[in-house]
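Asker: Enclosed is the structure file protein.txt (compact mmCIF, N, CA and C atoms).
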```txt
# COMPACT_ATOMS: atom_id res chain seq x y z
N MET S 1 80.21 73.04 74.14
CA MET S 1 81.56 72.80 74.61
C MET S 1 82.27 74.13 74.82
N SER S 2 82.95 74.30 75.94
CA SER S 2 83.70 75.52 76.23
C SER S 2 85.17 75.32 75.92
N VAL S 3 85.73 76.30 75.26
CA VAL S 3 87.13 76.25 74.89
C VAL S 3 87.82 77.47 75.50
N ALA S 4 88.96 77.26 76.14
CA ALA S 4 89.72 78.39 76.69
C ALA S 4 90.35 79.17 75.56
N VAL S 5 90.11 80.46 75.55
CA VAL S 5 90.62 81.33 74.49
C VAL S 5 91.39 82.47 75.14
N PRO S 6 92.65 82.72 74.73
CA PRO S 6 93.39 83.82 75.34
C PRO S 6 92.78 85.17 74.97
N VAL S 7 92.80 86.08 75.92
CA VAL S 7 92.33 87.43 75.66
C VAL S 7 93.50 88.29 75.23
N ASP S 8 93.20 89.39 74.56
CA ASP S 8 94.23 90.37 74.21
C ASP S 8 94.51 91.17 75.47
N VAL S 9 95.61 90.88 76.13
CA VAL S 9 95.91 91.48 77.44
C VAL S 9 96.09 92.99 77.32
N ALA S 10 96.77 93.46 76.29
CA ALA S 10 96.96 94.91 76.13
C ALA S 10 95.62 95.61 76.00
N GLU S 11 94.70 95.05 75.23
CA GLU S 11 93.38 95.66 75.07
C GLU S 11 92.59 95.58 76.38
N LEU S 12 92.72 94.50 77.11
CA LEU S 12 92.09 94.37 78.42
C LEU S 12 92.57 95.48 79.36
N VAL S 13 93.88 95.74 79.36
CA VAL S 13 94.46 96.78 80.21
C VAL S 13 93.99 98.16 79.76
N VAL S 14 93.92 98.41 78.47
CA VAL S 14 93.44 99.70 77.96
C VAL S 14 92.02 99.97 78.45
N ARG S 15 91.14 98.99 78.26
CA ARG S 15 89.74 99.17 78.69
C ARG S 15 89.66 99.38 80.19
N ALA S 16 90.45 98.62 80.95
CA ALA S 16 90.44 98.77 82.42
C ALA S 16 90.96 100.13 82.83
N LEU S 17 92.08 100.57 82.26
CA LEU S 17 92.64 101.87 82.65
C LEU S 17 91.71 103.02 82.30
N ARG S 18 91.04 102.93 81.17
CA ARG S 18 90.09 104.00 80.82
C ARG S 18 89.06 104.16 81.92
N GLY S 19 88.52 103.06 82.42
CA GLY S 19 87.53 103.12 83.49
C GLY S 19 88.13 103.50 84.83
N LEU S 20 89.28 102.93 85.16
CA LEU S 20 89.91 103.19 86.45
C LEU S 20 90.39 104.63 86.58
N LEU S 21 90.84 105.22 85.48
CA LEU S 21 91.34 106.60 85.54
C LEU S 21 90.23 107.63 85.38
N ALA S 22 89.11 107.23 84.78
CA ALA S 22 88.02 108.19 84.51
C ALA S 22 87.46 108.81 85.79
N GLY S 23 87.42 108.06 86.85
CA GLY S 23 86.85 108.59 88.08
C GLY S 23 87.84 109.26 89.00
N ARG S 24 89.08 109.38 88.59
CA ARG S 24 90.11 109.96 89.45
C ARG S 24 90.05 111.49 89.43
N LEU S 25 90.38 112.09 90.55
CA LEU S 25 90.33 113.55 90.67
C LEU S 25 91.68 114.23 90.50
N GLU S 26 92.77 113.46 90.42
CA GLU S 26 94.09 114.07 90.29
C GLU S 26 94.18 114.90 89.00
N PRO S 27 94.73 116.10 89.08
CA PRO S 27 94.81 116.96 87.89
C PRO S 27 95.56 116.33 86.72
N VAL S 28 96.54 115.47 86.96
CA VAL S 28 97.31 114.87 85.86
C VAL S 28 96.47 113.96 84.98
N VAL S 29 95.30 113.52 85.47
CA VAL S 29 94.44 112.61 84.71
C VAL S 29 93.57 113.36 83.71
N ALA S 30 93.35 114.63 83.92
CA ALA S 30 92.43 115.40 83.07
C ALA S 30 92.82 115.31 81.60
N GLY S 31 91.89 114.81 80.80
CA GLY S 31 92.08 114.75 79.35
C GLY S 31 92.93 113.61 78.85
N VAL S 32 93.35 112.68 79.70
CA VAL S 32 94.24 111.61 79.24
C VAL S 32 93.52 110.69 78.26
N LYS S 33 94.25 110.30 77.22
CA LYS S 33 93.80 109.30 76.26
C LYS S 33 94.64 108.06 76.52
N VAL S 34 93.98 106.89 76.61
CA VAL S 34 94.66 105.61 76.83
C VAL S 34 94.48 104.78 75.58
N SER S 35 95.59 104.27 75.02
CA SER S 35 95.52 103.59 73.73
C SER S 35 96.65 102.57 73.59
N THR S 36 96.50 101.68 72.61
CA THR S 36 97.58 100.77 72.24
C THR S 36 98.40 101.33 71.08
N GLU S 37 98.06 102.53 70.65
CA GLU S 37 98.79 103.20 69.57
C GLU S 37 99.21 104.59 70.03
N THR S 38 100.27 105.11 69.42
CA THR S 38 100.68 106.47 69.74
C THR S 38 99.99 107.48 68.85
N GLY S 39 99.26 107.01 67.88
CA GLY S 39 98.59 107.94 66.99
C GLY S 39 99.48 108.31 65.83
N ARG S 40 99.11 109.36 65.16
CA ARG S 40 99.83 109.77 63.96
C ARG S 40 100.33 111.20 64.07
N GLY S 41 100.82 111.53 65.25
CA GLY S 41 101.36 112.86 65.49
C GLY S 41 102.69 113.04 64.79
N PRO S 42 103.25 114.24 64.88
CA PRO S 42 104.54 114.49 64.25
C PRO S 42 105.62 113.59 64.85
N ASN S 43 106.48 113.07 64.00
CA ASN S 43 107.59 112.20 64.41
C ASN S 43 107.11 110.95 65.14
N GLY S 44 105.89 110.50 64.87
CA GLY S 44 105.38 109.29 65.49
C GLY S 44 104.90 109.46 66.91
N GLY S 45 104.86 110.68 67.39
CA GLY S 45 104.42 110.92 68.76
C GLY S 45 102.92 110.94 68.89
N PRO S 46 102.43 111.08 70.11
CA PRO S 46 100.99 111.09 70.31
C PRO S 46 100.34 112.34 69.73
N PRO S 47 99.07 112.23 69.31
CA PRO S 47 98.39 113.37 68.72
C PRO S 47 97.95 114.41 69.74
N SER S 48 97.91 114.05 71.02
CA SER S 48 97.51 115.00 72.04
C SER S 48 98.17 114.61 73.36
N LEU S 49 98.21 115.55 74.28
CA LEU S 49 98.75 115.29 75.62
C LEU S 49 97.64 115.54 76.64
N PRO S 50 97.57 114.78 77.68
CA PRO S 50 98.40 113.61 78.02
C PRO S 50 97.97 112.36 77.25
N TRP S 51 98.91 111.46 77.04
CA TRP S 51 98.69 110.23 76.29
C TRP S 51 99.33 109.09 77.06
N LEU S 52 98.60 107.99 77.22
CA LEU S 52 99.11 106.81 77.92
C LEU S 52 99.08 105.63 76.97
N LEU S 53 100.26 105.18 76.58
CA LEU S 53 100.42 104.05 75.66
C LEU S 53 100.54 102.76 76.46
N VAL S 54 99.77 101.76 76.06
CA VAL S 54 99.84 100.43 76.66
C VAL S 54 100.40 99.49 75.61
N ALA S 55 101.52 98.85 75.91
CA ALA S 55 102.14 97.92 74.96
C ALA S 55 102.50 96.62 75.67
N GLU S 56 102.43 95.55 74.93
CA GLU S 56 102.76 94.24 75.48
C GLU S 56 104.17 93.87 75.03
N ASP S 57 105.08 93.69 76.00
CA ASP S 57 106.47 93.39 75.68
C ASP S 57 106.82 91.91 75.76
N GLY S 58 105.95 91.11 76.31
CA GLY S 58 106.20 89.68 76.41
C GLY S 58 104.93 88.99 76.84
N HIS S 59 104.77 87.72 76.41
CA HIS S 59 103.51 87.03 76.68
C HIS S 59 103.72 85.52 76.66
N THR S 60 103.16 84.85 77.67
CA THR S 60 103.11 83.39 77.66
C THR S 60 101.69 82.98 78.05
N TRP S 61 101.33 81.76 77.70
CA TRP S 61 100.01 81.26 78.01
C TRP S 61 100.12 79.84 78.50
N ALA S 62 99.80 79.62 79.77
CA ALA S 62 99.79 78.28 80.35
C ALA S 62 98.38 77.73 80.17
N TRP S 63 98.15 77.07 79.05
CA TRP S 63 96.81 76.61 78.67
C TRP S 63 96.29 75.63 79.69
N PRO S 64 95.03 75.70 80.08
CA PRO S 64 94.02 76.64 79.61
C PRO S 64 93.79 77.80 80.56
N ALA S 65 94.59 77.93 81.59
CA ALA S 65 94.15 78.79 82.69
C ALA S 65 94.74 80.19 82.74
N VAL S 66 96.02 80.36 82.56
CA VAL S 66 96.65 81.64 82.91
C VAL S 66 97.55 82.16 81.79
N GLN S 67 97.39 83.44 81.53
CA GLN S 67 98.33 84.14 80.65
C GLN S 67 99.23 85.00 81.52
N ARG S 68 100.46 85.15 81.10
CA ARG S 68 101.39 86.06 81.77
C ARG S 68 101.85 87.05 80.72
N ALA S 69 101.71 88.32 81.04
CA ALA S 69 102.09 89.35 80.08
C ALA S 69 102.89 90.44 80.77
N MET S 70 103.91 90.91 80.09
CA MET S 70 104.68 92.07 80.53
C MET S 70 104.10 93.27 79.80
N ILE S 71 103.54 94.20 80.57
CA ILE S 71 102.91 95.38 79.98
C ILE S 71 103.77 96.61 80.27
N ARG S 72 104.05 97.35 79.20
CA ARG S 72 104.80 98.61 79.32
C ARG S 72 103.81 99.76 79.20
N LEU S 73 103.86 100.65 80.16
CA LEU S 73 103.07 101.87 80.13
C LEU S 73 104.01 103.02 79.81
N THR S 74 103.68 103.81 78.82
CA THR S 74 104.47 105.00 78.50
C THR S 74 103.53 106.19 78.50
N CYS S 75 103.84 107.18 79.32
CA CYS S 75 102.99 108.35 79.45
C CYS S 75 103.70 109.58 78.92
N TRP S 76 103.09 110.24 77.94
CA TRP S 76 103.54 111.55 77.49
C TRP S 76 102.65 112.57 78.17
N HIS S 77 103.24 113.63 78.68
CA HIS S 77 102.45 114.66 79.37
C HIS S 77 103.12 116.00 79.13
N ARG S 78 102.66 117.03 79.83
CA ARG S 78 103.17 118.38 79.59
C ARG S 78 104.48 118.68 80.31
N THR S 79 104.75 117.99 81.41
CA THR S 79 106.00 118.19 82.15
C THR S 79 106.56 116.83 82.55
N PRO S 80 107.86 116.75 82.82
CA PRO S 80 108.41 115.47 83.31
C PRO S 80 107.71 114.99 84.59
N HIS S 81 107.40 115.93 85.49
CA HIS S 81 106.74 115.54 86.74
C HIS S 81 105.35 114.96 86.48
N SER S 82 104.56 115.60 85.60
CA SER S 82 103.21 115.10 85.34
C SER S 82 103.23 113.78 84.58
N SER S 83 104.20 113.60 83.69
CA SER S 83 104.29 112.31 82.99
C SER S 83 104.61 111.19 83.98
N LYS S 84 105.51 111.45 84.90
CA LYS S 84 105.87 110.45 85.91
C LYS S 84 104.70 110.20 86.87
N ALA S 85 104.00 111.26 87.26
CA ALA S 85 102.87 111.12 88.18
C ALA S 85 101.75 110.29 87.56
N LEU S 86 101.43 110.53 86.29
CA LEU S 86 100.36 109.79 85.65
C LEU S 86 100.77 108.34 85.40
N ALA S 87 102.00 108.10 84.99
CA ALA S 87 102.46 106.72 84.81
C ALA S 87 102.42 105.96 86.14
N GLY S 88 102.82 106.62 87.23
CA GLY S 88 102.77 105.99 88.54
C GLY S 88 101.36 105.71 88.99
N LEU S 89 100.44 106.62 88.71
CA LEU S 89 99.04 106.41 89.06
C LEU S 89 98.47 105.23 88.29
N ALA S 90 98.75 105.16 86.99
CA ALA S 90 98.27 104.04 86.17
C ALA S 90 98.84 102.72 86.69
N LEU S 91 100.11 102.71 87.02
CA LEU S 91 100.74 101.51 87.58
C LEU S 91 100.06 101.12 88.89
N GLY S 92 99.80 102.09 89.72
CA GLY S 92 99.17 101.83 91.02
C GLY S 92 97.78 101.26 90.90
N VAL S 93 96.95 101.82 90.02
CA VAL S 93 95.58 101.31 89.91
C VAL S 93 95.55 99.92 89.29
N LEU S 94 96.51 99.61 88.42
CA LEU S 94 96.57 98.26 87.86
C LEU S 94 96.98 97.24 88.92
N CYS S 95 97.88 97.65 89.84
CA CYS S 95 98.40 96.72 90.84
C CYS S 95 97.56 96.64 92.10
N ALA S 96 96.62 97.56 92.28
CA ALA S 96 95.77 97.54 93.47
C ALA S 96 94.91 96.27 93.45
N PRO S 97 94.77 95.61 94.60
CA PRO S 97 93.96 94.40 94.61
C PRO S 97 92.50 94.70 94.33
N GLY S 98 91.87 93.80 93.60
CA GLY S 98 90.45 93.93 93.31
C GLY S 98 89.87 92.56 93.03
N SER S 99 88.88 92.16 93.79
CA SER S 99 88.36 90.80 93.66
C SER S 99 87.66 90.55 92.33
N SER S 100 87.16 91.59 91.68
CA SER S 100 86.44 91.37 90.43
C SER S 100 87.36 91.44 89.21
N ARG S 101 88.63 91.70 89.41
CA ARG S 101 89.55 91.81 88.28
C ARG S 101 90.01 90.43 87.83
N PRO S 102 90.16 90.25 86.52
CA PRO S 102 90.61 88.95 86.02
C PRO S 102 92.14 88.80 86.05
N TRP S 103 92.84 89.69 86.76
CA TRP S 103 94.29 89.62 86.80
C TRP S 103 94.83 89.90 88.19
N THR S 104 96.08 89.50 88.36
CA THR S 104 96.89 89.99 89.47
C THR S 104 98.09 90.67 88.82
N ALA S 105 98.59 91.70 89.47
CA ALA S 105 99.65 92.50 88.86
C ALA S 105 100.76 92.77 89.85
N GLU S 106 101.96 92.86 89.31
CA GLU S 106 103.13 93.19 90.13
C GLU S 106 103.99 94.19 89.36
N PRO S 107 104.32 95.32 89.97
CA PRO S 107 105.16 96.28 89.26
C PRO S 107 106.54 95.71 89.00
N VAL S 108 107.08 96.02 87.85
CA VAL S 108 108.42 95.56 87.47
C VAL S 108 109.39 96.73 87.53
N THR S 109 109.01 97.84 86.92
CA THR S 109 109.80 99.07 87.03
C THR S 109 108.85 100.22 87.28
N GLY S 110 109.26 101.09 88.17
CA GLY S 110 108.47 102.28 88.44
C GLY S 110 108.67 103.30 87.34
N PRO S 111 107.87 104.34 87.34
CA PRO S 111 108.01 105.35 86.30
C PRO S 111 109.32 106.13 86.41
N LEU S 112 109.91 106.37 85.27
CA LEU S 112 111.16 107.14 85.18
C LEU S 112 110.92 108.29 84.22
N ALA S 113 111.03 109.50 84.70
CA ALA S 113 110.78 110.67 83.86
C ALA S 113 111.93 110.86 82.87
N GLY S 114 111.57 111.29 81.67
CA GLY S 114 112.56 111.56 80.64
C GLY S 114 111.95 112.43 79.55
N ILE S 115 112.67 112.56 78.46
CA ILE S 115 112.22 113.33 77.31
C ILE S 115 112.25 112.42 76.10
N ASP S 116 111.16 112.42 75.34
CA ASP S 116 111.09 111.63 74.12
C ASP S 116 112.06 112.21 73.10
N PRO S 117 113.05 111.45 72.64
CA PRO S 117 114.04 112.00 71.70
C PRO S 117 113.45 112.35 70.33
N SER S 118 112.30 111.77 69.99
CA SER S 118 111.69 112.06 68.69
C SER S 118 110.80 113.28 68.71
N THR S 119 110.12 113.52 69.83
CA THR S 119 109.14 114.60 69.87
C THR S 119 109.50 115.71 70.85
N ASP S 120 110.51 115.49 71.68
CA ASP S 120 110.91 116.41 72.75
C ASP S 120 109.83 116.60 73.81
N ALA S 121 108.81 115.73 73.83
CA ALA S 121 107.76 115.80 74.85
C ALA S 121 108.20 115.02 76.09
N PRO S 122 107.86 115.50 77.28
CA PRO S 122 108.16 114.75 78.49
C PRO S 122 107.42 113.41 78.48
N LEU S 123 108.13 112.36 78.90
CA LEU S 123 107.50 111.05 78.98
C LEU S 123 108.03 110.29 80.18
N ALA S 124 107.29 109.24 80.56
CA ALA S 124 107.71 108.36 81.64
C ALA S 124 107.23 106.95 81.35
N PRO S 125 108.15 105.99 81.24
CA PRO S 125 107.75 104.59 81.09
C PRO S 125 107.70 103.90 82.45
N ALA S 126 106.91 102.83 82.52
CA ALA S 126 106.84 101.95 83.68
C ALA S 126 106.45 100.58 83.13
N ALA S 127 106.65 99.53 83.93
CA ALA S 127 106.30 98.18 83.47
C ALA S 127 105.62 97.42 84.60
N VAL S 128 104.70 96.53 84.20
CA VAL S 128 103.96 95.72 85.16
C VAL S 128 103.81 94.31 84.58
N ALA S 129 103.94 93.32 85.43
CA ALA S 129 103.71 91.93 85.03
C ALA S 129 102.30 91.55 85.46
N LEU S 130 101.51 91.04 84.52
CA LEU S 130 100.13 90.63 84.81
C LEU S 130 99.97 89.13 84.63
N ARG S 131 99.22 88.53 85.53
CA ARG S 131 98.74 87.14 85.37
C ARG S 131 97.23 87.28 85.17
N VAL S 132 96.77 86.83 84.01
CA VAL S 132 95.38 87.03 83.63
C VAL S 132 94.69 85.67 83.52
N ARG S 133 93.54 85.53 84.17
CA ARG S 133 92.75 84.32 84.04
C ARG S 133 92.17 84.28 82.63
N THR S 134 92.33 83.16 81.97
CA THR S 134 91.83 83.00 80.62
C THR S 134 90.38 82.53 80.67
N PRO S 135 89.48 83.29 80.07
CA PRO S 135 88.07 82.87 80.11
C PRO S 135 87.81 81.75 79.10
N ALA S 136 86.78 80.99 79.36
CA ALA S 136 86.33 79.98 78.41
C ALA S 136 85.23 80.58 77.56
N GLU S 137 85.31 80.35 76.25
CA GLU S 137 84.27 80.82 75.34
C GLU S 137 83.64 79.61 74.67
N ALA S 138 82.38 79.73 74.34
CA ALA S 138 81.71 78.64 73.65
C ALA S 138 82.34 78.49 72.27
N GLY S 139 82.61 77.26 71.90
CA GLY S 139 83.27 77.06 70.61
C GLY S 139 82.69 75.96 69.81
```
Would you put the structure from the file into structure tokens?
Answerer:
Amino acid sequence: MSVAVPVDVAELVVRALRGLLAGRLEPVVAGVKVSTETGRGPNGGPPSLPWLLVAEDGHTWAWPAVQRAMIRLTCWHRTPHSSKALAGLALGVLCAPGSSRPWTAEPVTGPLAGIDPSTDAPLAPAAVALRVRTPAEAG
């Protein structure tokens, strides 16, 4: 018997972004770490730069078929421009159509460059709404 089981959308996005960004040639991608945690750096900031945080800000599940999740991307980088560029690139690759992807995505907010008040590191947040097909698992 197959039972529909929701996937962890944030973890799905992390795994996808790691692969999607790994093959990119843009200089802002070099050395990026993609995670659902900021690490244990000073003042709660990331342990290294560049860092791309994936967080889930809202989630619904229309059983058994579709999950809807609001995903926030926050990029810490070396300059405000590079943080915004990497956040925009991550947003773009998530929203690009792909027939093999288990989601469709729509940008909600574009990247906005700023400074992290806790760490003084340049950062840029962005948000994307994902509709994810829920796979069936044997149960």
Asker: If we draw a sphere of 5 Å around (103.5, 101.0, 77.1), which residues have at least one atom in it when counting all atoms listed in the file? Please report them as a PyMOL selection string.
Answerer: chain S and resi 53-55+72-74
Asker: For Val5 (chain S), which of S:Gly58, S:Gly39, S:Pro80, S:Pro135 is the closest residue, counting only C-alpha atoms?
Answerer: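 Closest to Val5 (chain S), using only C-alpha atoms: S:Pro135.
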Asker: What lies within 7 Å of Leu94 (chain S) using only N, CA and C atoms, ignoring chain neighbours under 2 positions off, as a PyMOL selection string?
Answerer: chain S and resi 89-92+96-97+104-106
Asker: Could you save the residues just selected, with N, CA and C atoms, as a PDB file, keeping the file's coordinate frame?
Answerer:
```
ATOM      1  N   LEU S  89     100.440 106.620  88.710  1.00  0.00           N
ATOM      2  CA  LEU S  89      99.040 106.410  89.060  1.00  0.00           C
ATOM      3  C   LEU S  89      98.470 105.230  88.290  1.00  0.00           C
ATOM      4  N   ALA S  90      98.750 105.160  86.990  1.00  0.00           N
ATOM      5  CA  ALA S  90      98.270 104.040  86.170  1.00  0.00           C
ATOM      6  C   ALA S  90      98.840 102.720  86.690  1.00  0.00           C
ATOM      7  N   LEU S  91     100.110 102.710  87.020  1.00  0.00           N
ATOM      8  CA  LEU S  91     100.740 101.510  87.580  1.00  0.00           C
ATOM      9  C   LEU S  91     100.060 101.120  88.890  1.00  0.00           C
ATOM     10  N   GLY S  92      99.800 102.090  89.720  1.00  0.00           N
ATOM     11  CA  GLY S  92      99.170 101.830  91.020  1.00  0.00           C
ATOM     12  C   GLY S  92      97.780 101.260  90.900  1.00  0.00           C
ATOM     13  N   ALA S  96      96.620  97.560  92.280  1.00  0.00           N
ATOM     14  CA  ALA S  96      95.770  97.540  93.470  1.00  0.00           C
ATOM     15  C   ALA S  96      94.910  96.270  93.450  1.00  0.00           C
ATOM     16  N   PRO S  97      94.770  95.610  94.600  1.00  0.00           N
ATOM     17  CA  PRO S  97      93.960  94.400  94.610  1.00  0.00           C
ATOM     18  C   PRO S  97      92.500  94.700  94.330  1.00  0.00           C
ATOM     19  N   THR S 104      96.080  89.500  88.360  1.00  0.00           N
ATOM     20  CA  THR S 104      96.890  89.990  89.470  1.00  0.00           C
ATOM     21  C   THR S 104      98.090  90.670  88.820  1.00  0.00           C
ATOM     22  N   ALA S 105      98.590  91.700  89.470  1.00  0.00           N
ATOM     23  CA  ALA S 105      99.650  92.500  88.860  1.00  0.00           C
ATOM     24  C   ALA S 105     100.760  92.770  89.850  1.00  0.00           C
ATOM     25  N   GLU S 106     101.960  92.860  89.310  1.00  0.00           N
ATOM     26  CA  GLU S 106     103.130  93.190  90.130  1.00  0.00           C
ATOM     27  C   GLU S 106     103.990  94.190  89.360  1.00  0.00           C
TER      28      GLU S 106
END
```
Asker: Could you jot down the atom C of Leu123 (chain S) to atom C of Ala10 (chain S) separation for me, Å, one decimal place?
Answerer: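 According to the coordinates, atom C of Leu123 (chain S) and atom C of Ala10 (chain S) are separated by 19.7 Å.
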Asker: Between S:Ser100, S:Ser83, S:Asn43, S:Thr134, single out the one closest to Leu112 (chain S), counting all atoms listed in the file.
Answerer: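 Of the candidates, the smallest distance to Leu112 (chain S) is held by S:Ser83.
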